[in-house]
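Have a look at coords28.txt; it's compact mmCIF, C-alpha atoms:
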```txt
# COMPACT_ATOMS: atom_id res chain seq x y z
CA MET A 211 -34.44 83.15 16.73
CA SER A 212 -31.33 81.04 16.13
CA ASP A 213 -30.86 78.34 13.53
CA ILE A 214 -29.26 74.95 14.29
CA ALA A 215 -26.85 73.50 11.72
CA PHE A 216 -27.46 69.79 11.04
CA ALA A 217 -24.38 69.20 8.82
CA PRO A 218 -23.51 65.47 8.90
CA ALA A 219 -20.35 64.68 10.86
CA LYS A 220 -18.16 62.19 9.00
CA LEU A 221 -15.43 60.04 10.49
CA PRO A 222 -12.04 61.06 9.03
CA VAL A 223 -10.64 57.70 7.91
CA PHE A 224 -6.94 58.52 7.52
CA ALA A 225 -6.85 60.82 10.55
CA THR A 226 -8.44 58.03 12.63
CA LEU A 227 -5.84 55.52 11.41
CA LYS A 228 -3.06 57.98 12.18
CA LYS A 229 -4.40 58.48 15.68
CA ALA A 230 -4.73 54.70 16.16
CA CYS A 231 -1.05 54.32 15.24
CA ARG A 232 -0.03 56.95 17.81
CA VAL A 233 -2.19 55.38 20.52
CA SER A 234 -0.82 51.91 19.67
CA LEU A 235 2.71 53.13 20.39
CA LYS A 236 1.53 54.38 23.79
CA ALA A 237 -0.45 51.22 24.56
CA VAL A 238 2.10 48.65 23.39
CA GLY A 239 3.90 48.62 26.76
CA PRO A 240 0.87 48.07 29.02
CA LEU A 241 -0.70 45.59 26.59
CA LEU A 242 2.58 43.70 26.25
CA LEU A 243 2.85 43.44 30.03
CA LEU A 244 -0.75 42.26 30.26
CA SER A 245 -0.06 39.67 27.55
CA LEU A 246 3.08 38.45 29.33
CA LEU A 247 1.11 38.09 32.55
CA PHE A 248 -1.85 36.43 30.89
CA THR A 249 -0.16 33.92 28.55
CA PRO A 250 1.57 31.77 31.22
CA VAL A 251 -1.58 31.76 33.38
CA PHE A 252 -3.68 30.77 30.37
CA PHE A 253 -1.48 27.83 29.40
CA PHE A 254 -1.11 26.76 33.01
CA ALA A 255 -4.90 26.74 33.36
CA ILE A 256 -5.29 24.70 30.16
CA LEU A 257 -2.70 22.15 31.32
CA THR A 258 -4.28 21.97 34.78
CA VAL A 259 -7.73 21.24 33.38
CA TRP A 260 -6.30 18.61 31.02
CA PHE A 261 -4.20 16.98 33.77
CA VAL A 262 -7.03 16.88 36.32
CA SER A 263 -9.40 15.46 33.70
CA LEU A 264 -6.82 12.79 32.89
CA LEU A 265 -6.41 11.87 36.56
CA VAL A 266 -10.17 11.66 37.02
CA GLY A 267 -10.44 9.43 33.97
CA MET A 268 -7.70 7.14 35.27
CA PHE A 269 -9.35 7.03 38.69
CA PHE A 270 -12.68 5.91 37.24
CA SER A 271 -11.16 3.60 34.64
CA SER A 272 -11.27 0.54 36.91
CA SER A 273 -14.95 1.14 37.59
CA ALA A 274 -15.55 1.56 33.89
CA ILE A 275 -13.85 -1.75 33.16
CA THR A 276 -15.96 -3.43 35.85
CA LEU A 277 -19.15 -1.97 34.41
CA GLY A 278 -18.05 -2.78 30.88
CA SER A 279 -18.61 0.80 29.73
CA THR A 280 -16.53 3.96 29.34
CA ALA A 281 -19.54 6.22 29.90
CA LEU A 282 -18.57 6.76 33.56
CA VAL A 283 -15.08 7.90 32.58
CA ASP A 284 -16.40 10.27 29.94
CA LEU A 285 -18.96 11.71 32.36
CA ALA A 286 -16.38 12.23 35.10
CA MET A 287 -13.90 13.90 32.75
CA LEU A 288 -16.66 16.13 31.39
CA ALA A 289 -17.69 17.13 34.92
CA VAL A 290 -14.14 18.34 35.55
CA ALA A 291 -13.41 19.85 32.14
CA VAL A 292 -16.55 21.97 31.71
CA PRO A 293 -16.16 24.08 34.89
CA GLY A 294 -12.45 24.40 34.17
CA PHE A 295 -12.96 25.73 30.65
CA LEU A 296 -15.73 28.03 31.86
CA ALA A 297 -13.26 29.50 34.34
CA ILE A 298 -10.74 29.95 31.52
CA LEU A 299 -13.41 31.67 29.42
CA VAL A 300 -14.23 34.06 32.26
CA PHE A 301 -10.57 34.90 32.75
CA THR A 302 -10.07 35.40 29.01
CA ILE A 303 -12.99 37.82 28.83
CA ARG A 304 -11.62 39.72 31.81
CA VAL A 305 -8.26 40.11 30.07
CA LEU A 306 -9.98 41.20 26.84
CA VAL A 307 -12.02 43.81 28.71
CA GLY A 308 -8.87 44.93 30.50
CA SER A 309 -7.09 45.33 27.16
CA PHE A 310 -9.79 47.67 25.89
CA ARG A 311 -9.64 49.66 29.13
CA LEU A 312 -5.86 50.02 28.78
CA ALA A 313 -6.28 51.16 25.16
CA ASP A 314 -8.85 53.74 26.28
CA ALA A 315 -6.47 55.00 28.96
CA ALA A 316 -3.69 55.27 26.37
CA CYS A 317 -5.92 57.55 24.28
CA ASP A 318 -5.98 60.03 27.20
CA GLY A 319 -2.44 59.42 28.37
CA ARG A 320 -3.72 57.92 31.62
CA THR A 321 -2.05 55.08 33.54
CA LEU A 322 -4.12 52.22 34.94
CA LYS A 323 -3.00 49.69 37.50
CA PHE A 324 -3.29 46.09 36.34
CA ALA A 325 -4.79 45.05 39.66
CA ASP A 326 -7.57 47.60 39.21
CA VAL A 327 -8.10 46.58 35.58
CA LEU A 328 -8.48 42.89 36.36
CA ARG A 329 -10.49 43.43 39.56
CA ASN A 330 -13.07 45.59 37.79
CA ARG A 331 -16.21 43.43 37.64
CA ARG A 332 -17.94 45.56 35.03
CA PRO A 333 -19.27 44.51 32.65
CA ASN A 334 -20.78 41.24 33.79
CA VAL A 335 -19.01 38.36 32.05
CA LEU A 336 -22.20 36.51 31.10
CA VAL A 337 -23.83 39.66 29.71
CA PHE A 338 -20.68 40.54 27.77
CA PHE A 339 -20.46 37.03 26.34
CA ALA A 340 -24.17 37.18 25.40
CA LEU A 341 -23.55 40.52 23.65
CA VAL A 342 -20.63 39.18 21.61
CA LEU A 343 -22.63 36.07 20.74
CA THR A 344 -25.57 38.25 19.65
CA VAL A 345 -23.35 40.33 17.36
CA VAL A 346 -21.82 37.17 15.85
CA VAL A 347 -25.24 35.61 15.18
CA MET A 348 -26.56 38.83 13.64
CA THR A 349 -23.47 39.04 11.44
CA LEU A 350 -23.87 35.46 10.25
CA LEU A 351 -27.51 36.09 9.42
CA GLY A 352 -26.46 39.16 7.44
CA LEU A 353 -23.80 37.19 5.58
CA VAL A 354 -26.33 34.49 4.71
CA ALA A 355 -28.36 37.14 2.90
CA PHE A 356 -25.56 38.94 1.08
CA ILE A 357 -22.00 40.06 1.77
CA VAL A 358 -22.83 43.77 2.00
CA PRO A 359 -25.65 43.37 4.58
CA GLY A 360 -23.32 41.22 6.66
CA VAL A 361 -20.59 43.85 6.54
CA MET A 362 -23.08 46.58 7.45
CA VAL A 363 -24.28 44.53 10.43
CA VAL A 364 -20.69 44.28 11.65
CA MET A 365 -20.20 48.01 11.19
CA ALA A 366 -23.53 48.84 12.85
CA PHE A 367 -23.09 46.70 15.96
CA GLY A 368 -19.31 46.15 16.04
CA LEU A 369 -18.81 48.86 18.67
CA ALA A 370 -21.39 47.40 21.06
CA PRO A 371 -18.76 45.60 23.20
CA ILE A 372 -16.78 48.85 23.51
CA ALA A 373 -19.95 50.71 24.52
CA MET A 374 -20.63 48.11 27.20
CA ILE A 375 -17.07 48.39 28.55
CA LEU A 376 -16.46 52.13 28.38
CA GLU A 377 -19.99 53.38 29.12
CA ASP A 378 -21.22 50.55 31.38
CA LYS A 379 -24.34 49.91 29.32
CA GLY A 380 -26.56 46.82 29.24
CA LEU A 381 -26.89 44.42 26.34
CA ARG A 382 -29.72 46.17 24.53
CA ASP A 383 -28.42 49.68 25.22
CA SER A 384 -24.97 48.71 23.95
CA LEU A 385 -26.41 47.53 20.63
CA THR A 386 -28.49 50.71 20.36
CA ARG A 387 -25.50 52.90 21.23
CA SER A 388 -23.32 51.23 18.59
CA ARG A 389 -26.00 51.61 15.94
CA GLN A 390 -26.53 55.26 16.87
CA LEU A 391 -22.82 56.11 16.81
CA THR A 392 -22.10 54.38 13.50
CA GLU A 393 -25.17 55.71 11.68
CA GLY A 394 -23.99 57.67 8.67
CA ASN A 395 -20.38 56.53 9.18
CA ARG A 396 -20.51 52.79 8.57
CA TRP A 397 -18.66 52.94 5.27
CA GLN A 398 -16.04 55.15 6.91
CA PHE A 399 -15.77 52.63 9.75
CA PHE A 400 -15.37 49.87 7.17
CA GLY A 401 -12.72 51.96 5.39
CA VAL A 402 -10.66 52.21 8.57
CA TYR A 403 -10.56 48.42 8.93
CA LEU A 404 -10.02 47.84 5.23
CA ILE A 405 -7.01 50.15 5.00
CA ALA A 406 -5.58 48.77 8.26
CA ASN A 407 -5.78 45.23 6.87
CA LEU A 408 -4.31 46.30 3.53
CA VAL A 409 -1.35 47.75 5.42
CA TYR A 410 -0.95 44.62 7.53
CA LEU A 411 -1.40 42.17 4.65
CA PRO A 412 2.09 42.65 3.12
CA VAL A 413 3.63 42.15 6.57
CA TYR A 414 1.65 38.94 7.02
CA ILE A 415 2.59 37.67 3.56
CA ALA A 416 6.26 38.50 4.13
CA SER A 417 6.25 36.62 7.43
CA LYS A 418 5.13 33.37 5.77
CA PRO A 419 8.54 32.55 4.17
CA LEU A 420 10.19 33.46 7.47
CA MET A 421 8.00 30.99 9.34
CA ALA A 422 8.66 28.33 6.71
CA ALA A 423 12.39 28.88 7.08
CA LEU A 424 12.01 28.69 10.85
CA ASN A 425 10.48 25.23 10.55
CA GLU A 426 13.34 24.00 8.36
CA THR A 427 16.37 25.53 10.05
CA GLU A 428 18.30 23.88 12.86
CA ASN A 429 20.40 26.91 13.78
CA ILE A 430 19.43 27.95 17.29
CA THR A 431 20.35 31.60 16.65
CA SER A 432 18.12 31.74 13.58
CA ILE A 433 15.30 30.07 15.48
CA ILE A 434 15.51 32.61 18.30
CA ALA A 435 15.69 35.54 15.89
CA MET A 436 12.75 34.32 13.81
CA THR A 437 10.71 33.63 16.94
CA VAL A 438 11.34 37.14 18.22
CA VAL A 439 10.37 38.65 14.83
CA SER A 440 7.19 36.57 14.72
CA PHE A 441 6.31 37.57 18.28
CA VAL A 442 6.85 41.28 17.59
CA VAL A 443 4.69 41.17 14.43
CA SER A 444 1.92 39.30 16.26
CA LEU A 445 2.12 41.68 19.22
CA LEU A 446 1.92 44.83 17.09
CA SER A 447 -1.00 43.47 15.08
CA SER A 448 -2.78 42.46 18.28
CA VAL A 449 -2.23 45.89 19.86
CA PHE A 450 -3.42 47.65 16.71
CA ALA A 451 -6.52 45.43 16.53
CA THR A 452 -7.32 46.28 20.15
CA VAL A 453 -6.76 50.02 19.76
CA ILE A 454 -8.68 50.58 16.49
CA PRO A 455 -12.24 49.96 17.80
CA VAL A 456 -11.54 52.05 20.89
CA VAL A 457 -10.24 54.99 18.82
CA VAL A 458 -13.15 54.70 16.35
CA PHE A 459 -15.63 54.62 19.24
CA ARG A 460 -14.13 57.70 20.84
CA GLU A 461 -13.97 59.60 17.54
CA LEU A 462 -17.58 58.80 16.69
CA ARG A 463 -18.69 59.70 20.20
CA ALA A 464 -16.95 63.06 19.87
CA LEU A 465 -18.71 63.65 16.55
CA LYS A 466 -22.16 62.46 17.55
CA ASP A 467 -22.36 63.77 21.09
CA ARG A 468 -20.97 67.22 20.49
CA PRO A 469 -23.46 70.04 20.98
CA ALA A 470 -25.27 71.08 17.86
CA GLU A 471 -23.64 74.04 16.23
CA VAL A 472 -25.77 77.09 16.74
CA VAL A 473 -25.61 79.59 13.94
CA ALA A 474 -26.56 83.07 15.03
CA PRO A 475 -28.90 84.86 12.65
CA GLU A 476 -27.42 87.62 10.61
CA PRO A 477 -28.28 91.01 12.05
CA ALA A 478 -30.86 92.94 10.10
CA PRO A 479 -29.36 95.75 8.09
CA GLU A 480 -29.76 99.12 9.70
CA PRO A 481 -32.11 101.43 7.84
CA ALA A 482 -30.41 104.11 5.85
CA PRO A 483 -30.72 107.55 7.40
CA GLU A 484 -33.31 109.71 5.79
CA PRO A 485 -31.90 112.72 3.96
CA SER A 486 -32.62 115.94 5.77
CA GLY A 487 -34.94 118.29 3.85
CA ALA A 488 -33.92 121.79 2.88
CA ALA A 489 -35.05 124.45 5.30
```

Show the structure stored in the file as C-alpha cells.
Amino acid sequence: MSDIAFAPAKLPVFATLKKACRVSLKAVGPLLLLSLLFTPVFFFAILTVWFVSLLVGMFFSSSAITLGSTALVDLAMLAVAVPGFLAILVFTIRVLVGSFRLADAACDGRTLKFADVLRNRRPNVLVFFALVLTVVVMTLLGLVAFIVPGVMVVMAFGLAPIAMILEDKGLRDSLTRSRQLTEGNRWQFFGVYLIANLVYLPVYIASKPLMAALNETENITSIIAMTVVSFVVSLLSSVFATVIPVVVFRELRALKDRPAEVVAPEPAPEPAPEPSGAA
C-alpha cells in the first residue's frame, strides 16, 4: 500500500510579495487604462445626479412654497438621487470586479479586452455587494470582541470576493472557499499585508510634505509636477492593493488544491542468499 504525506503547505510570505510586485508591473498598464476610462465617467455620473436633483428641486420649489412645506422638494430630489447613486454603485462594482479580472489575467500573462471585462455580468452585483457587506459586518463583530479575532475574521473571509469573481461561486460557497483556502495560513496572509503596508508607509509619510507644499505653492510647474507624483504614488498603491489578494488567492489555491503527495513504500529488502552447503 502507499502512504499519503499530509505535510502542511505554508504560504511563502516574501515570495508572494515578490510575485505581487512582478504582477503589478504587468497589470499597471491595463489598470491605469481602466482607471482613466472610469474616473471621468464616475465624476460625470455624480455631477449628472446632483444636477438633475437640483433641477427637480427647483421645479417643485414653487409647489413647496404654495404648500408651505419643503417635504415635496426633499421627496422629489430623493426619488431622483437614490436610483442615480444605485446606478453609480453598480458601475463601481463592475469596475472593481473588472480590476480583479485584469489582475488575474496579468498573473498568467493573458490579455483581456475591456469591453469583455465590463460586459461580464458575473458575479451578480447584488450578491457581490451582499458578500462584501457580510464580510464587513463579520469583521466589525470580531473587532468588537478583540483585535486579534477581528484580524483573523478578515484573513479567514477576506478572499471571499476573489473566490466569487474568479471561481463564479455563490455567497455562501465563496465564504466557505475563502475559509478553506486560508486555513493554516492566516498569519502568513496577515504577514503579506503587514509587510506591504510597512513598505508603503514611508512613501505615504514622505508624500505628506509634498502635498502640503503643493497647497502652498503658486508655481504652475511645481503644481503639475507634484500632482503627477501624487497620481503615480496613488496609482501604484492602488494597483498593488488590487493585485495582492489575487496573487494570495492563486498561491493558496495552488497549495491547497494540489494533489496529495503520494510517497511510495520502501521496497522490502531482498533476502540474503543462503550459503551453499559443502558437497

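Separating CA of Val335 (chain A) from CA of Gly294 (chain A) is a distance of 15.6 Å.
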
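The gap separating CA of Ala316 (chain A) from CA of Ala237 (chain A) is 5.5 Å, in Å to one decimal.
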
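Going from CA of Ile430 (chain A) over to CA of Val442 (chain A), you cover 18.3 Å.
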
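Residue nearest Ala451 (chain A) within the list A:Phe261, A:Phe310, A:Phe338, A:Phe248: A:Phe310 [criterion: smallest interatomic distance, only C-alpha atoms].
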
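Using all atoms listed in the file, the shortest contact distance between Lys228 (chain A) and any of A:Leu445, A:Ile405, A:Phe252, A:Ala366 is found at A:Ile405.
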
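Among the candidates A:Val361, A:Leu446, A:Leu242, A:Leu322, the one nearest to Val345 (chain A) when counting all atoms listed in the file is A:Val361.
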
Extending 8 Å beyond the listed atoms of region 447-455 of chain A on each side, what axis-aligned box results? I want centre and edge lengths in Å to one decimal, as JSON.
```
{"center_x": -6.6, "center_y": 46.5, "center_z": 17.6, "size_x": 27.2, "size_y": 24.1, "size_z": 21.1}
```

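Residues with any atom within 8 Å of Leu381 (chain A), counting all atoms listed in the file and excluding same-chain neighbours fewer than 3 positions away, are Val337, Phe338, Ala340, Leu341, Met374, Ser384 and Leu385 of chain A.
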
Worksheet entry | Closest of A:Leu312, A:Ile454, A:Ala370, A:Arg396 to Leu243 (chain A) - atom-to-atom distances counting only C-alpha atoms | A:Leu312

Residues within 12 Å of Val453 (chain A), please, as a compact mmCIF listing (two decimals) with C-alpha atoms, in the frame of the given file. Count only C-alpha atoms; anything in the same chain fewer than 3 positions from it doesn't count.
```txt
# COMPACT_ATOMS: atom_id res chain seq x y z
CA THR A 226 -8.44 58.03 12.63
CA LEU A 227 -5.84 55.52 11.41
CA LYS A 228 -3.06 57.98 12.18
CA LYS A 229 -4.40 58.48 15.68
CA ALA A 230 -4.73 54.70 16.16
CA CYS A 231 -1.05 54.32 15.24
CA ARG A 232 -0.03 56.95 17.81
CA VAL A 233 -2.19 55.38 20.52
CA SER A 234 -0.82 51.91 19.67
CA LEU A 235 2.71 53.13 20.39
CA LYS A 236 1.53 54.38 23.79
CA ALA A 237 -0.45 51.22 24.56
CA VAL A 238 2.10 48.65 23.39
CA LEU A 241 -0.70 45.59 26.59
CA LEU A 306 -9.98 41.20 26.84
CA SER A 309 -7.09 45.33 27.16
CA PHE A 310 -9.79 47.67 25.89
CA ARG A 311 -9.64 49.66 29.13
CA LEU A 312 -5.86 50.02 28.78
CA ALA A 313 -6.28 51.16 25.16
CA ASP A 314 -8.85 53.74 26.28
CA ALA A 315 -6.47 55.00 28.96
CA ALA A 316 -3.69 55.27 26.37
CA CYS A 317 -5.92 57.55 24.28
CA ILE A 372 -16.78 48.85 23.51
CA TYR A 403 -10.56 48.42 8.93
CA ALA A 406 -5.58 48.77 8.26
CA LEU A 446 1.92 44.83 17.09
CA SER A 447 -1.00 43.47 15.08
CA SER A 448 -2.78 42.46 18.28
CA VAL A 449 -2.23 45.89 19.86
CA PHE A 450 -3.42 47.65 16.71
CA VAL A 456 -11.54 52.05 20.89
CA VAL A 457 -10.24 54.99 18.82
CA VAL A 458 -13.15 54.70 16.35
CA PHE A 459 -15.63 54.62 19.24
CA ARG A 460 -14.13 57.70 20.84
```

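Each of A:Glu461, A:Leu351, A:Leu411, A:Val305 was compared to Leu246 (chain A) using all atoms listed in the file, and A:Val305 turns out to be the nearest.
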
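Closest to Leu391 (chain A) among A:Val307, A:Ala219, A:Ala325, A:Val439 is A:Ala219, based on all atoms listed in the file.
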
Starting from the incomplete input, reconstruct all heavy atoms of region 369-380 of chain A and write that as a CSV table (one decimal), in the coordinates of the input.
```csv
chain,number,residue,atom,x,y,z
A,369,LEU,N,-19.3,48.1,17.5
A,369,LEU,CA,-18.8,48.9,18.7
A,369,LEU,C,-19.6,48.6,19.9
A,369,LEU,O,-19.4,49.2,21.0
A,369,LEU,CB,-18.8,50.3,18.3
A,369,LEU,CG,-17.9,50.8,17.2
A,369,LEU,CD1,-18.1,52.3,17.0
A,369,LEU,CD2,-16.5,50.5,17.5
A,370,ALA,N,-20.6,47.7,19.9
A,370,ALA,CA,-21.4,47.4,21.1
A,370,ALA,C,-20.6,46.9,22.2
A,370,ALA,O,-20.8,47.4,23.4
A,370,ALA,CB,-22.5,46.4,20.7
A,371,PRO,N,-19.6,46.0,22.0
A,371,PRO,CA,-18.8,45.6,23.2
A,371,PRO,C,-18.0,46.8,23.8
A,371,PRO,O,-17.8,46.8,25.0
A,371,PRO,CB,-17.8,44.6,22.6
A,371,PRO,CG,-18.5,44.0,21.4
A,371,PRO,CD,-19.3,45.2,20.9
A,372,ILE,N,-17.5,47.7,23.0
A,372,ILE,CA,-16.8,48.8,23.5
A,372,ILE,C,-17.7,49.7,24.3
A,372,ILE,O,-17.4,50.3,25.3
A,372,ILE,CB,-16.1,49.6,22.4
A,372,ILE,CG1,-15.3,48.7,21.5
A,372,ILE,CG2,-15.2,50.7,22.9
A,372,ILE,CD1,-14.2,48.0,22.2
A,373,ALA,N,-19.0,49.9,23.8
A,373,ALA,CA,-20.0,50.7,24.5
A,373,ALA,C,-20.3,50.1,25.9
A,373,ALA,O,-20.4,50.8,26.9
A,373,ALA,CB,-21.2,50.8,23.7
A,374,MET,N,-20.3,48.8,25.9
A,374,MET,CA,-20.6,48.1,27.2
A,374,MET,C,-19.5,48.3,28.2
A,374,MET,O,-19.7,48.5,29.4
A,374,MET,CB,-20.9,46.6,27.0
A,374,MET,CG,-21.2,45.8,28.2
A,374,MET,SD,-21.6,44.1,28.0
A,374,MET,CE,-23.3,44.3,27.4
A,375,ILE,N,-18.2,48.3,27.7
A,375,ILE,CA,-17.1,48.4,28.6
A,375,ILE,C,-16.9,49.8,29.0
A,375,ILE,O,-16.7,50.1,30.2
A,375,ILE,CB,-15.8,47.9,27.8
A,375,ILE,CG1,-15.9,46.4,27.5
A,375,ILE,CG2,-14.6,48.1,28.6
A,375,ILE,CD1,-14.9,45.8,26.6
A,376,LEU,N,-16.8,50.7,28.1
A,376,LEU,CA,-16.5,52.1,28.4
A,376,LEU,C,-17.6,53.0,28.9
A,376,LEU,O,-17.4,53.9,29.6
A,376,LEU,CB,-15.9,52.8,27.1
A,376,LEU,CG,-14.6,52.2,26.5
A,376,LEU,CD1,-14.1,53.0,25.4
A,376,LEU,CD2,-13.6,51.9,27.6
A,377,GLU,N,-18.9,52.6,28.6
A,377,GLU,CA,-20.0,53.4,29.1
A,377,GLU,C,-20.9,52.6,30.1
A,377,GLU,O,-22.0,53.1,30.5
A,377,GLU,CB,-20.8,53.9,27.9
A,377,GLU,CG,-20.0,54.9,27.0
A,377,GLU,CD,-20.8,55.5,26.0
A,377,GLU,OE1,-22.0,55.1,25.8
A,377,GLU,OE2,-20.3,56.5,25.3
A,378,ASP,N,-20.5,51.4,30.4
A,378,ASP,CA,-21.2,50.6,31.4
A,378,ASP,C,-22.7,50.4,31.0
A,378,ASP,O,-23.6,50.6,31.9
A,378,ASP,CB,-21.1,51.1,32.8
A,378,ASP,CG,-21.4,50.2,33.9
A,378,ASP,OD1,-21.4,48.9,33.6
A,378,ASP,OD2,-21.7,50.6,35.0
A,379,LYS,N,-23.0,50.1,29.8
A,379,LYS,CA,-24.3,49.9,29.3
A,379,LYS,C,-24.7,48.4,29.3
A,379,LYS,O,-23.9,47.5,29.3
A,379,LYS,CB,-24.5,50.5,27.9
A,379,LYS,CG,-24.3,52.0,27.9
A,379,LYS,CD,-24.7,52.5,26.5
A,379,LYS,CE,-24.6,54.1,26.4
A,379,LYS,NZ,-25.6,54.7,27.3
A,380,GLY,N,-26.1,48.2,29.3
A,380,GLY,CA,-26.6,46.8,29.2
A,380,GLY,C,-26.5,46.3,27.8
A,380,GLY,O,-26.1,47.0,26.9
```
